[in-house]
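Right, one structure below, let's go through it.
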Amino acid sequence: MTQEQWGELKQDLLRTVGQNNFKTWIEPLEFAELSEGVATFHVPTNFIGNYVSQNFGDLIMHQLSSIGEDVQRVHFKVPANTPARPSSRPTASAPSAAPAAAAKEELPGAPLDARFTFDSFVVGKPNELANAAARRVAEGGPVTFNPLFLYGGVGLGKTHLMHAIAWELQKQRPDLNVLYLSAEQFMYRFVQALRDRKMMDFKELFRSVDVLMVDDVQFIAGKDSTQEEFFHTFNALVDQNKQIIISADRAPGEIKDLEDRIRSRLQCGLVVDLHPTDYELRLGILQSKVDQYREQYPDLQLADGVLEFLAHRISTNVRVLEGALTRLFAFASLVGREITMELTQDCLSDVLRASERKISVEEIQRRVAEHYNIRLSDMIGPKRVRTLARPRQIAMYLCKQLTSRSLPEIGRRFGGRDHTTVMHGVKRIEELRAQDGQIAEDLELLRRTLEA
């Protein structure tokens with residue numbers, strides 16, 4: 001591969017990873033050689049090499065393969081004769097740079113994802129408060145609550161909101177020094193500063209920011225020295241009335257091996273929970289993603305009911321939900337077919353199996369019977385009075401939505417009923433769900449109970 005080809009590939013990478021990621025991580029790379037399936041790149045520091053390898057290595061390898069190069073792996077190394085960068089160290093003849101500037105040059109903040117903005121964040125009841133609090137902080141006005149602590153399970157939007165705050169602050173208050181990084185990166189840089197005997201630079205960097213954003217703070221739990229430095233940094237910034245924004249996968253009081261004084265400090269601000277997504281929010285997320293994909297796949301046809309089906313079936317993790325939709329659109333585009341319910345179930349069979357692994361027809365029947373205070377034997381029995389028929393239809397509807405059982409199989413589990421009976425029951429509940437608020441509320445409550 002020639003340097004000209006690498007230059008063209010860098011432009012492709014720029015379009016893929018965005019301007020911010022490209023400038024921080026891709027632009028410093030220098031192509032060295034391609035030998036025996038190994039593409040070697042020179043990097044200014046080992047830190048940059050490690051980060052690029054972990055986060056962009058597969059992407060670079062894919063781009064190289066796309067132009068016909070036989071690449072098995074990519075390798076990043078610091079050339080032995082690399083001169084020290086003038087901007088990294090003050091010299092005797094030049095005016096002395098501030099330690100923070102030197103440290104910032106060596107330890108840049110984590111890159112921001114251009115997709116994660118407030119405009120692309122779908123708001124629903126489970127994340128309404130978190131979104132409002134994040135937007136207030138992103139205004140860059142007087143500090144009203146410190147810290148802002150966002151917590152919730154995997155794939156509920158914590159990192160999205162953190163990135164959105166950083167993007168908005170950069171736009172609204174470019175004068176502010178905003179530093180965003182993960183707790184793992186904070187720990188890595190702390191260890192690196194200890195090793196290189198640059199603790200004063202490290203302290204100056206983290207104490208000179210206007211807004212400090214630390215993602216996944218639970219990872220510092222049990223790391224005594226890192227917790228000690230984090231505590232002092234936290235106190236120094238709060239004393240200067242600087243804004244701190246933190247995220248974790250659980251509430252401060254539930255993080256194991258976190259020092260009591262840090263736990264107490266984290267709880268003194270605004271602690272906001274991102275609740276698990278409900279059906280409406282998941283459907284909104286899917287519709288938003290479909291609008292984005294329309295630009296990439298303008299000719300694809302999407303059958304009615306597919307998004308509703310996915311929003312019902314994949315309920316635990318938004319990332320899994322978005323990944324499923326991405327796979328579905330890519331598959332339909334490659335085979336040139338309309339996205340129907342049949343294609344959806346074939347293409348996403350593994351994801352759908354995983355999502356319903358814990359839910360059985362029997363469990364649905366039992367939960368519905370308990371909810372409506374009827375006997376399970378009446379649920380599957382022959383009686384057709386309304387007080388039994390409606391819960392039975394609701395159970396059939398939930399079986400269709402939450403399991404991969406066919407209509408004839410569901411019918412057999414309900415006292416040997418015909419599949420047309422199940423089909424009629426499912427259709428009736430779909431109609432009532434849109435008309436009757438109580439039915440809709442019961443369905444959502446039962447679904448949450450079954451998926452808990």
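All residue names refer to the structure tokens as shown: chains lettered A, B, ... in order, residues numbered from 1 in each chain, ligands numbered from 1 in order.
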
Requested in this report: Please provide the set of residues having any atom within 12 Å of range 221-228 of chain A, restricted to only C-alpha atoms, with same-chain residues fewer than 4 positions apart removed, written as a PyMOL selection string.
Outcome: chain A and resi 183-194+216-217+232-235+248+252-263

List as JSON lines every residue of range 388-430 of chain A that is in contact with range 291-314 of chain A, defined as an atom at most 8 Å from one of its atoms (using only C-alpha atoms), together with the nearest atom pair and the distance in Å rounded to one decimal, sorted by chain and then rising number.
{"residue": "A:Gln401", "atom": "CA", "partner": "A:His312", "partner_atom": "CA", "distance": 6.4}
{"residue": "A:Leu402", "atom": "CA", "partner": "A:Arg313", "partner_atom": "CA", "distance": 5.6}
{"residue": "A:Thr403", "atom": "CA", "partner": "A:Arg313", "partner_atom": "CA", "distance": 8.0}

Using the selection just defined, write its residues with C-alpha atoms as a PDB file, in the first residue's frame.
ATOM      1  CA  GLN A 401     -45.682 -11.066  21.539  1.00  0.00           C
ATOM      2  CA  LEU A 402     -43.266 -12.468  24.132  1.00  0.00           C
ATOM      3  CA  THR A 403     -42.547 -15.982  22.862  1.00  0.00           C
TER       4      THR A 403
END

Requested in this report: Write out as a count of residues only all residues of range 240-439 of chain A that backbone DSSP assigns to strand (DSSP E or B).
Outcome: 13

Using only C-alpha atoms, I'd like a table of the residues in range 403-440 of chain A that come within 10 Å of range 379-390 of chain A; for each, show the closest atom pair and its distance in Å rounded to one decimal, ordered by chain and ascending number, as a Markdown table.
| residue | atom | partner | partner_atom | distance |
| --- | --- | --- | --- | --- |
| A:Gly411 | CA | A:Ile380 | CA | 9.6 |
| A:Arg412 | CA | A:Ile380 | CA | 9.5 |
| A:Arg413 | CA | A:Ile380 | CA | 7.5 |
| A:Phe414 | CA | A:Ile380 | CA | 4.6 |
| A:Gly415 | CA | A:Ile380 | CA | 5.0 |
| A:Gly416 | CA | A:Ile380 | CA | 8.6 |
| A:Arg417 | CA | A:Ile380 | CA | 9.1 |
| A:Gly425 | CA | A:Arg390 | CA | 8.4 |
| A:Arg428 | CA | A:Arg390 | CA | 9.3 |
| A:Ile429 | CA | A:Arg390 | CA | 8.4 |
| A:Ile439 | CA | A:Arg390 | CA | 9.8 |

Query raised in the report: Pick the closest to Ala138 in chain A from A:Ala332, A:Val71, A:Met162, A:Leu156: which is it, counting only C-alpha atoms?
Result: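 For Ala138 in chain A, the nearest of the candidates is A:Met162.
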
Requested in this report: Excluding Val17 in chain A and any residue of its chain fewer than 2 positions from it, enumerate the residues within 12 Å of it, using only C-alpha atoms, and give them as a ChimeraX atom specification.
Outcome: /A:10-15,19-27,52,55-56,59-60,111-115

**Report entry** Given only C-alpha atoms as the counted atoms, nearest of A:Ser264, A:Arg136, A:Pro408, A:Val123 to Ser288 in chain A
**Finding:**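 Ranking A:Ser264, A:Arg136, A:Pro408, A:Val123 by distance to Ser288 in chain A, first place goes to A:Val123.
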
Query raised in the report: Can you list, as a list in words, every protein, DNA or RNA residue that comes within 12 Å of Glu362 in chain A when you count only C-alpha atoms, leaving out same-chain residues fewer than 2 positions away?
Result: Lys358, Ile359, Ser360, Ile364, Gln365, Arg366, Arg367, Val368, Ala369, Leu376, Ser377, Met379, Ile380, Ala395, Met396, Leu398, Cys399, Thr403, Arg405, Ile410, Arg412, Arg413, Phe414 and Leu450 of chain A

Query - Nearest to Tyr151 in chain A, chosen from A:Val178, A:Ile165, A:Leu274, A:Val38, with only C-alpha atoms counted in the distances - result: A:Leu274

Query raised in the report: Hey, which of A:Glu139, A:Asp346, A:Glu451, A:Asp249 ends up closest to Asp273 in chain A? Count only C-alpha atoms.
Result: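 Comparing A:Glu139, A:Asp346, A:Glu451, A:Asp249 against Asp273 in chain A, the winner is A:Asp249.
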
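Ranking A:Asp442, A:Glu431, A:Glu322, A:Asp436 by their shortest atom-to-atom distance to Tyr372 in chain A, with only C-alpha atoms included, puts A:Asp442 first.
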
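Across A:Thr344, A:Thr40, A:Asn317, A:Thr117, the tightest approach to His75 in chain A is made by A:Thr40 when counting only C-alpha atoms.
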
**Report entry** Contacts of His42 in chain A at 7 Å (only C-alpha atoms; same-chain gap of 4+ positions) as a list in words
**Finding:**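 Those residues are Leu29, Glu30, Phe31, Ala32, Phe76, Lys77, Val78 and Pro79 of chain A.
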
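Pairwise distance (CA of Glu8 in chain A, CA of Ser66 in chain A) equals 12.2 Å.
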
As a short mmCIF file (atom, residue, chain, number, x, y, z; two decimals) with N, CA and C atoms, in the first residue's frame, please: every residue in range 183-265 of chain A that a backbone DSSP assignment puts in alpha helix (DSSP H).
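Saved to out_34.cif:
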data_model
loop_
_atom_site.label_atom_id
_atom_site.label_comp_id
_atom_site.auth_asym_id
_atom_site.auth_seq_id
_atom_site.Cartn_x
_atom_site.Cartn_y
_atom_site.Cartn_z
N ALA A 183 -13.99 6.39 33.83
CA ALA A 183 -13.27 6.15 35.08
C ALA A 183 -12.03 5.30 34.82
N GLU A 184 -12.10 4.40 33.86
CA GLU A 184 -10.96 3.56 33.52
C GLU A 184 -9.81 4.41 32.97
N GLN A 185 -10.15 5.42 32.15
CA GLN A 185 -9.11 6.31 31.62
C GLN A 185 -8.52 7.19 32.72
N PHE A 186 -9.38 7.64 33.64
CA PHE A 186 -8.88 8.41 34.79
C PHE A 186 -7.85 7.60 35.56
N MET A 187 -8.19 6.32 35.79
CA MET A 187 -7.28 5.44 36.52
C MET A 187 -5.99 5.20 35.73
N TYR A 188 -6.12 4.99 34.42
CA TYR A 188 -4.95 4.75 33.58
C TYR A 188 -4.01 5.95 33.61
N ARG A 189 -4.58 7.15 33.51
CA ARG A 189 -3.75 8.34 33.49
C ARG A 189 -3.12 8.61 34.85
N PHE A 190 -3.85 8.25 35.90
CA PHE A 190 -3.28 8.38 37.24
C PHE A 190 -2.06 7.46 37.41
N VAL A 191 -2.20 6.21 36.96
CA VAL A 191 -1.09 5.26 37.04
C VAL A 191 0.08 5.72 36.16
N GLN A 192 -0.25 6.23 34.97
CA GLN A 192 0.78 6.72 34.05
C GLN A 192 1.53 7.90 34.67
N ALA A 193 0.80 8.80 35.34
CA ALA A 193 1.45 9.94 35.98
C ALA A 193 2.35 9.49 37.13
N LEU A 194 1.92 8.49 37.87
CA LEU A 194 2.78 7.95 38.94
C LEU A 194 4.05 7.35 38.36
N ARG A 195 3.89 6.58 37.29
CA ARG A 195 5.02 5.91 36.68
C ARG A 195 6.03 6.91 36.12
N MET A 199 2.96 13.68 38.65
CA MET A 199 1.75 13.86 39.43
C MET A 199 1.32 15.32 39.49
N MET A 200 2.26 16.26 39.50
CA MET A 200 1.88 17.67 39.55
C MET A 200 1.15 18.07 38.27
N ASP A 201 1.63 17.57 37.13
CA ASP A 201 0.94 17.84 35.87
C ASP A 201 -0.47 17.24 35.89
N PHE A 202 -0.56 16.01 36.39
CA PHE A 202 -1.85 15.33 36.48
C PHE A 202 -2.82 16.11 37.36
N LYS A 203 -2.35 16.51 38.54
CA LYS A 203 -3.21 17.25 39.47
C LYS A 203 -3.63 18.58 38.86
N GLU A 204 -2.70 19.25 38.21
CA GLU A 204 -3.00 20.56 37.62
C GLU A 204 -4.04 20.43 36.50
N LEU A 205 -3.91 19.37 35.71
CA LEU A 205 -4.86 19.16 34.61
C LEU A 205 -6.28 18.98 35.14
N PHE A 206 -6.45 18.08 36.09
CA PHE A 206 -7.79 17.75 36.54
C PHE A 206 -8.38 18.80 37.49
N ARG A 207 -7.53 19.63 38.07
CA ARG A 207 -8.05 20.67 38.94
C ARG A 207 -8.26 22.00 38.21
N ASP A 224 -7.80 1.74 45.73
CA ASP A 224 -7.65 2.68 46.84
C ASP A 224 -6.95 3.98 46.44
N SER A 225 -5.82 3.87 45.78
CA SER A 225 -5.06 5.07 45.42
C SER A 225 -5.82 5.94 44.42
N THR A 226 -6.47 5.29 43.46
CA THR A 226 -7.25 6.04 42.48
C THR A 226 -8.42 6.73 43.16
N GLN A 227 -9.08 6.05 44.09
CA GLN A 227 -10.18 6.67 44.82
C GLN A 227 -9.70 7.87 45.62
N GLU A 228 -8.54 7.75 46.21
CA GLU A 228 -7.98 8.86 47.00
C GLU A 228 -7.78 10.09 46.11
N GLU A 229 -7.18 9.91 44.95
CA GLU A 229 -6.93 11.03 44.06
C GLU A 229 -8.25 11.58 43.51
N PHE A 230 -9.19 10.70 43.19
CA PHE A 230 -10.49 11.14 42.70
C PHE A 230 -11.20 11.99 43.76
N PHE A 231 -11.11 11.57 45.01
CA PHE A 231 -11.76 12.30 46.10
C PHE A 231 -11.18 13.71 46.22
N HIS A 232 -9.86 13.83 46.17
CA HIS A 232 -9.24 15.15 46.30
C HIS A 232 -9.55 16.03 45.09
N THR A 233 -9.57 15.43 43.90
CA THR A 233 -9.94 16.17 42.70
C THR A 233 -11.38 16.66 42.81
N PHE A 234 -12.25 15.78 43.25
CA PHE A 234 -13.67 16.11 43.43
C PHE A 234 -13.82 17.30 44.37
N ASN A 235 -13.17 17.22 45.52
CA ASN A 235 -13.27 18.30 46.51
C ASN A 235 -12.74 19.62 45.97
N ALA A 236 -11.60 19.55 45.27
CA ALA A 236 -10.99 20.78 44.75
C ALA A 236 -11.92 21.47 43.76
N LEU A 237 -12.58 20.69 42.90
CA LEU A 237 -13.48 21.28 41.90
C LEU A 237 -14.75 21.82 42.54
N VAL A 238 -15.30 21.09 43.50
CA VAL A 238 -16.50 21.57 44.19
C VAL A 238 -16.21 22.87 44.93
N ASP A 239 -15.04 22.94 45.57
CA ASP A 239 -14.66 24.17 46.30
C ASP A 239 -14.55 25.36 45.36
N ASP A 260 -16.68 5.33 51.82
CA ASP A 260 -17.86 6.02 52.35
C ASP A 260 -17.82 7.52 52.07
N ARG A 261 -16.63 8.13 52.16
CA ARG A 261 -16.56 9.57 51.96
C ARG A 261 -16.85 9.94 50.50
N ILE A 262 -16.45 9.07 49.55
CA ILE A 262 -16.77 9.31 48.14
C ILE A 262 -18.26 9.08 47.90
N ARG A 263 -18.78 8.01 48.50
CA ARG A 263 -20.21 7.71 48.35
C ARG A 263 -21.05 8.88 48.87
N SER A 264 -20.63 9.43 50.02
CA SER A 264 -21.35 10.56 50.60
C SER A 264 -21.29 11.79 49.68
N ARG A 265 -20.12 12.05 49.13
CA ARG A 265 -19.95 13.18 48.22
C ARG A 265 -20.82 13.03 46.97
#
